[in-house]
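Undergrad: Okay, so here is final26.txt, and as you'll see once you scroll down, it has compact mmCIF, C-alpha atoms.
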# COMPACT_ATOMS: atom_id res chain seq x y z
CA MET A 1 -69.33 -41.66 -16.35
CA ALA A 2 -68.97 -41.07 -12.62
CA GLN A 3 -65.66 -41.65 -10.89
CA SER A 4 -65.29 -44.75 -8.74
CA ALA A 5 -63.79 -44.19 -5.29
CA ASP A 6 -60.96 -46.64 -5.99
CA LEU A 7 -59.77 -44.94 -9.20
CA PRO A 8 -57.06 -42.27 -9.12
CA ALA A 9 -57.47 -38.55 -9.63
CA ALA A 10 -55.20 -35.52 -9.67
CA VAL A 11 -55.32 -31.76 -10.05
CA LEU A 12 -54.23 -30.28 -13.35
CA SER A 13 -51.77 -27.63 -12.20
CA GLU A 14 -51.02 -26.29 -15.70
CA ILE A 15 -52.12 -26.80 -19.27
CA ARG A 16 -49.49 -25.90 -21.85
CA ILE A 17 -49.30 -25.34 -25.60
CA GLY A 18 -46.31 -24.57 -27.80
CA SER A 19 -45.16 -23.21 -31.14
CA VAL A 20 -42.49 -24.70 -33.36
CA ALA A 21 -39.07 -23.14 -32.70
CA GLU A 22 -35.40 -24.07 -32.64
CA ILE A 23 -34.18 -25.91 -29.53
CA GLY A 24 -31.39 -23.70 -28.22
CA HIS A 25 -28.75 -23.43 -30.97
CA SER A 26 -29.14 -27.02 -32.14
CA GLY A 27 -30.73 -26.34 -35.51
CA ILE A 28 -33.48 -28.78 -34.48
CA ARG A 29 -37.03 -27.50 -34.62
CA SER A 30 -39.64 -28.62 -32.13
CA ALA A 31 -42.68 -27.41 -30.19
CA ILE A 32 -41.40 -29.00 -26.99
CA GLY A 33 -41.04 -25.57 -25.37
CA LYS A 34 -44.63 -25.08 -24.25
CA ARG A 35 -46.04 -22.15 -22.26
CA PRO A 36 -48.68 -22.37 -19.52
CA LEU A 37 -52.09 -20.88 -20.26
CA ASP A 38 -53.81 -18.56 -17.81
CA ALA A 39 -57.26 -19.08 -19.31
CA PRO A 40 -59.37 -22.11 -20.24
CA VAL A 41 -58.56 -23.77 -23.57
CA ARG A 42 -60.69 -25.77 -25.95
CA ILE A 43 -59.63 -29.40 -26.37
CA GLU A 44 -60.47 -30.84 -29.79
CA LEU A 45 -59.76 -34.26 -31.33
CA ASN A 46 -56.17 -33.23 -32.18
CA GLY A 47 -55.51 -31.67 -28.77
CA PRO A 48 -55.51 -28.17 -27.28
CA LEU A 49 -56.27 -25.40 -29.76
CA GLY A 50 -53.07 -23.55 -30.65
CA ASP A 51 -50.68 -26.42 -29.87
CA GLN A 52 -48.23 -27.04 -32.72
CA HIS A 53 -46.04 -29.97 -33.79
CA ALA A 54 -42.85 -29.94 -35.85
CA GLU A 55 -43.27 -33.46 -37.27
CA ARG A 56 -46.27 -35.07 -38.95
CA PHE A 57 -45.94 -38.16 -36.71
CA HIS A 58 -46.30 -36.02 -33.57
CA GLY A 59 -49.75 -35.06 -32.43
CA GLY A 60 -52.88 -36.29 -34.15
CA PRO A 61 -55.86 -38.09 -32.63
CA GLU A 62 -53.83 -40.84 -30.90
CA LYS A 63 -51.31 -38.36 -29.45
CA ALA A 64 -53.61 -35.44 -28.83
CA ILE A 65 -52.42 -34.65 -25.29
CA LEU A 66 -49.18 -35.51 -23.50
CA HIS A 67 -49.36 -35.92 -19.72
CA TYR A 68 -46.22 -36.06 -17.56
CA ASP A 69 -45.92 -36.69 -13.83
CA SER A 70 -44.24 -33.65 -12.27
CA ALA A 71 -42.99 -35.82 -9.40
CA HIS A 72 -40.38 -37.18 -11.81
CA TYR A 73 -38.54 -33.87 -12.01
CA ALA A 74 -36.89 -34.19 -8.59
CA VAL A 75 -35.51 -37.58 -9.67
CA TRP A 76 -34.16 -36.10 -12.89
CA GLN A 77 -32.50 -33.27 -10.97
CA ALA A 78 -30.72 -35.79 -8.74
CA GLU A 79 -29.64 -38.04 -11.61
CA PHE A 80 -28.45 -35.23 -13.90
CA ALA A 81 -27.06 -32.80 -11.35
CA ASP A 82 -24.91 -30.95 -13.89
CA VAL A 83 -28.05 -29.74 -15.72
CA ALA A 84 -30.47 -29.99 -12.79
CA SER A 85 -31.89 -26.49 -13.29
CA ALA A 86 -33.24 -27.50 -16.72
CA PHE A 87 -35.58 -30.07 -15.18
CA GLN A 88 -38.70 -28.11 -14.28
CA PRO A 89 -42.39 -28.93 -14.72
CA GLY A 90 -43.31 -28.53 -18.36
CA GLY A 91 -39.81 -29.43 -19.47
CA PHE A 92 -40.74 -32.65 -21.24
CA GLY A 93 -43.13 -30.80 -23.52
CA GLU A 94 -46.21 -32.01 -21.70
CA ASN A 95 -49.60 -30.43 -22.24
CA PHE A 96 -50.85 -31.57 -18.83
CA VAL A 97 -48.69 -30.71 -15.82
CA GLY A 98 -49.44 -32.16 -12.41
CA THR A 99 -48.77 -34.84 -9.83
CA GLY A 100 -50.98 -37.67 -8.64
CA LEU A 101 -51.05 -39.77 -11.81
CA SER A 102 -48.07 -41.72 -13.10
CA GLU A 103 -47.05 -44.52 -15.44
CA ALA A 104 -47.62 -46.92 -12.53
CA THR A 105 -51.17 -45.74 -11.76
CA VAL A 106 -52.57 -44.98 -15.23
CA CYS A 107 -53.68 -47.86 -17.47
CA VAL A 108 -54.06 -48.27 -21.22
CA GLY A 109 -57.68 -47.52 -22.06
CA ASP A 110 -58.44 -45.49 -18.93
CA TYR A 111 -61.26 -43.00 -19.43
CA LEU A 112 -60.59 -39.64 -17.77
CA ARG A 113 -62.79 -36.63 -17.25
CA VAL A 114 -61.12 -33.22 -17.09
CA GLY A 115 -63.18 -30.08 -17.37
CA SER A 116 -65.90 -30.85 -19.90
CA ALA A 117 -63.64 -33.13 -22.00
CA LEU A 118 -63.52 -36.93 -21.93
CA LEU A 119 -60.13 -38.47 -22.67
CA GLN A 120 -58.72 -41.98 -23.01
CA VAL A 121 -55.16 -43.27 -22.49
CA SER A 122 -53.88 -44.43 -25.87
CA GLU A 123 -50.15 -45.16 -25.55
CA SER A 124 -46.87 -44.46 -23.79
CA ARG A 125 -44.66 -41.66 -25.03
CA GLN A 126 -41.57 -42.91 -26.90
CA PRO A 127 -38.74 -40.53 -26.01
CA CYS A 128 -36.55 -39.21 -28.81
CA PHE A 129 -33.20 -37.44 -29.21
CA LYS A 130 -34.84 -34.02 -28.99
CA LEU A 131 -34.95 -34.48 -25.22
CA ASN A 132 -31.14 -34.57 -25.20
CA HIS A 133 -31.03 -31.15 -26.85
CA ARG A 134 -33.85 -29.84 -24.73
CA PHE A 135 -31.98 -30.59 -21.48
CA GLY A 136 -28.40 -30.26 -22.72
CA HIS A 137 -27.35 -33.84 -21.94
CA LEU A 138 -26.90 -36.79 -24.28
CA GLY A 139 -28.25 -39.34 -21.80
CA VAL A 140 -31.76 -37.99 -21.23
CA SER A 141 -33.73 -39.75 -23.96
CA ARG A 142 -32.17 -43.13 -23.24
CA ARG A 143 -32.65 -42.74 -19.48
CA SER A 144 -36.28 -41.73 -20.00
CA GLN A 145 -36.89 -44.95 -21.90
CA GLU A 146 -34.96 -47.16 -19.47
CA SER A 147 -36.64 -45.70 -16.39
CA GLY A 148 -40.16 -45.53 -17.76
CA ARG A 149 -40.38 -41.82 -16.90
CA THR A 150 -41.79 -41.03 -20.32
CA GLY A 151 -45.30 -39.70 -19.89
CA TRP A 152 -48.31 -40.95 -21.85
CA PHE A 153 -50.79 -39.79 -24.45
CA TYR A 154 -54.54 -39.29 -24.50
CA ARG A 155 -57.01 -39.45 -27.34
CA VAL A 156 -60.00 -37.11 -27.07
CA LEU A 157 -63.37 -38.87 -27.02
CA GLU A 158 -65.47 -35.82 -26.19
CA PRO A 159 -64.06 -32.36 -26.94
CA GLY A 160 -64.49 -29.76 -24.23
CA GLU A 161 -62.97 -26.91 -22.27
CA VAL A 162 -60.13 -27.46 -19.81
CA ALA A 163 -58.35 -25.09 -17.41
CA ALA A 164 -55.60 -25.19 -14.82
CA GLY A 165 -57.06 -26.23 -11.48
CA ASP A 166 -59.48 -28.74 -12.98
CA THR A 167 -59.62 -32.22 -11.52
CA ILE A 168 -58.44 -34.92 -13.87
CA ALA A 169 -60.12 -38.12 -12.77
CA VAL A 170 -60.08 -41.69 -14.02
CA VAL A 171 -63.79 -42.51 -14.38
CA ASP A 172 -63.58 -45.99 -15.91
CA ARG A 173 -60.85 -48.61 -16.25
CA PRO A 174 -61.48 -51.36 -18.80
CA LEU A 175 -57.92 -52.77 -18.61
CA PRO A 176 -56.77 -52.68 -14.96
CA GLU A 177 -54.10 -55.28 -15.72
CA TRP A 178 -52.32 -52.95 -18.17
CA PRO A 179 -50.75 -49.94 -16.44
CA ILE A 180 -48.46 -47.95 -18.70
CA ALA A 181 -45.48 -49.27 -16.71
CA ARG A 182 -46.36 -52.85 -17.65
CA LEU A 183 -46.76 -51.91 -21.30
CA GLN A 184 -43.29 -50.34 -21.17
CA HIS A 185 -41.86 -53.51 -19.61
CA TYR A 186 -42.69 -55.53 -22.72
CA LEU A 187 -41.96 -52.67 -25.09
CA TYR A 188 -38.41 -51.99 -23.85
CA HIS A 189 -37.23 -54.72 -21.48
CA LEU A 190 -38.83 -58.13 -21.99
CA THR A 191 -38.64 -57.67 -25.74
CA ASP A 192 -38.26 -61.36 -26.62
CA ASP A 193 -41.64 -62.35 -25.16
CA PHE A 194 -43.38 -62.76 -28.48
CA ASP A 195 -46.43 -64.38 -26.90
CA MET A 196 -47.07 -61.18 -24.95
CA ALA A 197 -46.24 -59.12 -28.02
CA ARG A 198 -49.05 -60.98 -29.79
CA VAL A 199 -51.42 -60.12 -26.92
CA LEU A 200 -50.42 -56.46 -27.16
CA SER A 201 -50.86 -56.47 -30.94
CA GLU A 202 -54.56 -57.17 -30.30
CA LEU A 203 -55.04 -55.17 -27.08
CA PRO A 204 -58.26 -53.13 -27.15
CA HIS A 205 -57.83 -49.37 -26.61
CA LEU A 206 -54.06 -49.46 -27.34
CA SER A 207 -53.24 -47.11 -30.20
CA PRO A 208 -53.14 -48.58 -33.74
CA GLY A 209 -49.50 -47.54 -34.02
CA PHE A 210 -48.46 -49.52 -30.95
CA ARG A 211 -50.55 -52.52 -31.98
CA ALA A 212 -48.82 -52.47 -35.36
CA LEU A 213 -45.40 -52.25 -33.67
CA PHE A 214 -46.07 -55.39 -31.65
CA ALA A 215 -47.60 -57.17 -34.65
CA LYS A 216 -44.47 -56.45 -36.69
CA ARG A 217 -42.31 -57.71 -33.84
CA VAL A 218 -44.26 -60.99 -33.82
CA ALA A 219 -44.18 -61.38 -37.60
CA SER A 220 -40.48 -60.64 -37.97
CA GLY A 221 -39.20 -62.25 -34.77
CA GLN A 222 -37.07 -59.14 -34.34
CA VAL A 223 -37.06 -56.08 -32.09
CA GLU A 224 -36.96 -52.66 -33.69
CA ASN A 225 -33.73 -50.64 -33.59
CA TRP A 226 -34.15 -47.55 -31.41
CA GLU A 227 -30.79 -45.84 -31.97
CA SER A 228 -31.90 -43.27 -34.52
CA ARG A 229 -34.76 -42.26 -32.23
CA LEU A 230 -32.63 -41.96 -29.08
CA SER A 231 -29.56 -40.22 -30.50
CA ASN A 232 -28.68 -38.10 -33.50
CA GLY A 233 -25.06 -37.34 -32.66
CA PRO A 234 -23.31 -34.80 -30.43
CA LEU A 235 -24.97 -31.84 -28.82
CA VAL A 236 -24.51 -28.39 -30.27
CA SER A 237 -23.34 -25.90 -27.65
CA GLY A 238 -25.92 -23.52 -26.30
CA PRO A 239 -28.41 -23.37 -23.45
CA PRO A 240 -31.55 -25.49 -23.49
CA ALA A 241 -34.53 -23.63 -24.93
Go ahead and express the file in the form of structure tokens.
TA:
Amino acid sequence: MAQSADLPAAVLSEIRIGSVAEIGHSGIRSAIGKRPLDAPVRIELNGPLGDQHAERFHGGPEKAILHYDSAHYAVWQAEFADVASAFQPGGFGENFVGTGLSEATVCVGDYLRVGSALLQVSESRQPCFKLNHRFGHLGVSRRSQESGRTGWFYRVLEPGEVAAGDTIAVVDRPLPEWPIARLQHYLYHLTDDFDMARVLSELPHLSPGFRALFAKRVASGQVENWESRLSNGPLVSGPPA
């Protein structure tokens, strides 16, 4: 696939992988603390080789790579001034670090070429309470969800080799009417639009997990409770990892 001139592209400033470790002194284990690589890395169906996950529902083919827009970090620093120094590129546990692509400019189903790998946008990231411990503030996970500054996931269609400095380019866009930001609008804000939930339950290229979420919403007439995902109680003292 060749890139069209009207589709967005960006430069991959860093690619990061992480190992499972405790977040600060919280007792919570996560691989959110990822380190940048100074050499090319092989991208397979489950993501970059060497990248770990603490939970079985993290990672996998539909969440192989997390991309986060580094332009968000300045906004986080302004909004959470008391812990501003914690908000640095890579902080949200993203594998792909860079600016130029965002939730507003990336669509569900987008095909992207980076290095020799071909990727496809599968779903929005759903922030969880581990972000609160990561940044040392109870409001981070909820604010990430409310603001839409969540990042998004790729599935890997063609494994390949990727390195910092590569161009990451949208090469085809089958669903131009479905930017990640619009998906989030119905996921988190216009939650009682069950007609649109039905559309999303059948949306091509959206991950099976998200399609099932919207299908359950339609069948039950109820919106899922997010509290256990967004908060697990008070923070334990100690610096962010």
Undergrad: Find the spatial neighbours of Phe96 (chain A), counting only C-alpha atoms, within a cut-off of 8 Å - ignore same-chain residues fewer than 3 positions away - and output them as an MDAnalysis selection string.
TA: chainID A and resid 12:16 65:68
Undergrad: Produce a table with one row for each residue of region 143-185 of chain A that has an atom at most 12 Å from any atom of region 191-207 of chain A, each row naming the nearest atom pair and its distance in Å at one decimal; use all atoms listed in the file; arrange rows by chain and rising residue number; format as CSV.
TA:
residue,atom,partner,partner_atom,distance
A:Trp152,CA,A:Ser207,CA,11.5
A:Phe153,CA,A:Ser207,CA,9.6
A:Tyr154,CA,A:Ser207,CA,9.8
A:Arg155,CA,A:Ser207,CA,9.0
A:Leu157,CA,A:His205,CA,11.9
A:Arg173,CA,A:His205,CA,10.8
A:Pro174,CA,A:His205,CA,8.8
A:Leu175,CA,A:Pro204,CA,8.6
A:Glu177,CA,A:Leu203,CA,11.4
A:Trp178,CA,A:Leu203,CA,9.6
A:Pro179,CA,A:Leu206,CA,11.4
A:Ile180,CA,A:Leu206,CA,10.4
A:Arg182,CA,A:Leu200,CA,11.0
A:Leu183,CA,A:Leu200,CA,8.3
A:Gln184,CA,A:Thr191,CA,9.8
A:His185,CA,A:Thr191,CA,8.1
Undergrad: Between CA of Pro48 (chain A) and CA of Ser19 (chain A), what is the distance in Å, rounded to a tenth?
TA: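 Separating CA of Pro48 (chain A) from CA of Ser19 (chain A) is a distance of 12.1 Å.
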Undergrad: So, with all atoms listed in the file as the atoms that count, which of A:Ser70, A:Ser122, A:Ser220, A:Ser228 lies closest to Gly93 (chain A)?
TA: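 Smallest separation from Gly93 (chain A) among the options: A:Ser70.
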Undergrad: Check the smallest atom-to-atom distance from each of A:Leu213, A:Glu227, A:Gly98, A:Leu235 to Asn132 (chain A) using all atoms listed in the file, then report the winner.
TA: A:Leu235
Undergrad: Considering all atoms listed in the file, state which residue in the set A:Gly209, A:Gly148, A:Pro89, A:Gly100 is at the smallest distance from Thr167 (chain A).
TA: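 Checking each of A:Gly209, A:Gly148, A:Pro89, A:Gly100 against Thr167 (chain A), counting all atoms listed in the file, the winner is A:Gly100.
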Undergrad: Would you mind reading off the distance between CA of Ala78 (chain A) and CA of His189 (chain A), one decimal, in Å?
TA: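 One can read the CA of Ala78 (chain A) to CA of His189 (chain A) distance as 23.7 Å.
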Undergrad: Would you work out the distance separating CA of Gln120 (chain A) from CA of Asp51 (chain A), expressed in Å to one decimal?
TA: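 If I compute the distance from CA of Gln120 (chain A) to CA of Asp51 (chain A), I get 18.8 Å.
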Undergrad: Which residue, A:Leu230, A:Ala169, A:Leu112, A:Ile23, has the smallest gap to Ala10 (chain A) when you use only C-alpha atoms?
TA: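 So, comparing all the options, the nearest one is A:Ala169.
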Undergrad: Given the choices A:Pro176, A:Gly50, A:Pro61, A:Gly24, which gets closest to Val106 (chain A) if the distance is worked out from all atoms listed in the file?
TA: A:Pro176
Undergrad: Under the rule that only C-alpha atoms are counted, which of A:Leu7, A:Leu190, A:Ala31, A:Ala21 is the nearest residue to Thr105 (chain A)?
TA: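 Going through A:Leu7, A:Leu190, A:Ala31, A:Ala21 one by one, the smallest distance to Thr105 (chain A) is for A:Leu7.
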Undergrad: Take the point (-31.4, -32.6, -23.9) in the file's coordinates, draw a sphere of radius 12 Å around it, and report as a ChimeraX atom specification every protein, DNA or RNA residue with an atom inside or on it, counting only C-alpha atoms.
TA: /A:23-26,28,32,76,80,83-84,86-87,91-93,127-144,230-241
Undergrad: Have region 59-77 of chain A completed to N, CA and C atoms, please, and pass it along as an mmCIF file, in the coordinates of the input.
TA:
data_model
loop_
_atom_site.group_PDB
_atom_site.id
_atom_site.type_symbol
_atom_site.label_atom_id
_atom_site.label_comp_id
_atom_site.auth_asym_id
_atom_site.auth_seq_id
_atom_site.Cartn_x
_atom_site.Cartn_y
_atom_site.Cartn_z
ATOM 1 N N GLY A 59 -48.386 -35.552 -32.481
ATOM 2 C CA GLY A 59 -49.750 -35.060 -32.430
ATOM 3 C C GLY A 59 -50.702 -35.998 -33.164
ATOM 4 N N GLY A 60 -51.858 -35.477 -33.522
ATOM 5 C CA GLY A 60 -52.880 -36.290 -34.150
ATOM 6 C C GLY A 60 -53.794 -36.916 -33.114
ATOM 7 N N PRO A 61 -54.847 -37.597 -33.564
ATOM 8 C CA PRO A 61 -55.860 -38.090 -32.630
ATOM 9 C C PRO A 61 -55.356 -39.060 -31.574
ATOM 10 N N GLU A 62 -54.330 -39.875 -31.879
ATOM 11 C CA GLU A 62 -53.830 -40.840 -30.900
ATOM 12 C C GLU A 62 -52.788 -40.244 -29.962
ATOM 13 N N LYS A 63 -52.304 -39.060 -30.280
ATOM 14 C CA LYS A 63 -51.310 -38.360 -29.450
ATOM 15 C C LYS A 63 -51.770 -36.928 -29.233
ATOM 16 N N ALA A 64 -53.032 -36.782 -28.904
ATOM 17 C CA ALA A 64 -53.610 -35.440 -28.830
ATOM 18 C C ALA A 64 -53.086 -34.648 -27.655
ATOM 19 N N ILE A 65 -52.835 -35.326 -26.525
ATOM 20 C CA ILE A 65 -52.420 -34.650 -25.290
ATOM 21 C C ILE A 65 -51.333 -35.491 -24.627
ATOM 22 N N LEU A 66 -50.240 -34.849 -24.258
ATOM 23 C CA LEU A 66 -49.180 -35.510 -23.500
ATOM 24 C C LEU A 66 -49.300 -35.122 -22.033
ATOM 25 N N HIS A 67 -49.311 -36.124 -21.163
ATOM 26 C CA HIS A 67 -49.360 -35.920 -19.720
ATOM 27 C C HIS A 67 -48.053 -36.440 -19.135
ATOM 28 N N TYR A 68 -47.476 -35.669 -18.202
ATOM 29 C CA TYR A 68 -46.220 -36.060 -17.560
ATOM 30 C C TYR A 68 -46.343 -35.822 -16.061
ATOM 31 N N ASP A 69 -45.850 -36.778 -15.296
ATOM 32 C CA ASP A 69 -45.920 -36.690 -13.830
ATOM 33 C C ASP A 69 -44.827 -35.745 -13.321
ATOM 34 N N SER A 70 -45.224 -34.630 -12.747
ATOM 35 C CA SER A 70 -44.240 -33.650 -12.270
ATOM 36 C C SER A 70 -43.373 -34.176 -11.139
ATOM 37 N N ALA A 71 -43.812 -35.235 -10.456
ATOM 38 C CA ALA A 71 -42.990 -35.820 -9.400
ATOM 39 C C ALA A 71 -41.681 -36.382 -9.928
ATOM 40 N N HIS A 72 -41.620 -36.649 -11.221
ATOM 41 C CA HIS A 72 -40.380 -37.180 -11.810
ATOM 42 C C HIS A 72 -39.244 -36.151 -11.810
ATOM 43 N N TYR A 73 -39.584 -34.871 -11.797
ATOM 44 C CA TYR A 73 -38.540 -33.870 -12.010
ATOM 45 C C TYR A 73 -37.489 -33.866 -10.899
ATOM 46 N N ALA A 74 -37.876 -34.132 -9.680
ATOM 47 C CA ALA A 74 -36.890 -34.190 -8.590
ATOM 48 C C ALA A 74 -35.909 -35.337 -8.818
ATOM 49 N N VAL A 75 -36.387 -36.443 -9.373
ATOM 50 C CA VAL A 75 -35.510 -37.580 -9.670
ATOM 51 C C VAL A 75 -34.541 -37.204 -10.785
ATOM 52 N N TRP A 76 -35.042 -36.549 -11.804
ATOM 53 C CA TRP A 76 -34.160 -36.100 -12.890
ATOM 54 C C TRP A 76 -33.089 -35.146 -12.362
ATOM 55 N N GLN A 77 -33.469 -34.230 -11.502
ATOM 56 C CA GLN A 77 -32.500 -33.270 -10.970
ATOM 57 C C GLN A 77 -31.385 -33.972 -10.211
#
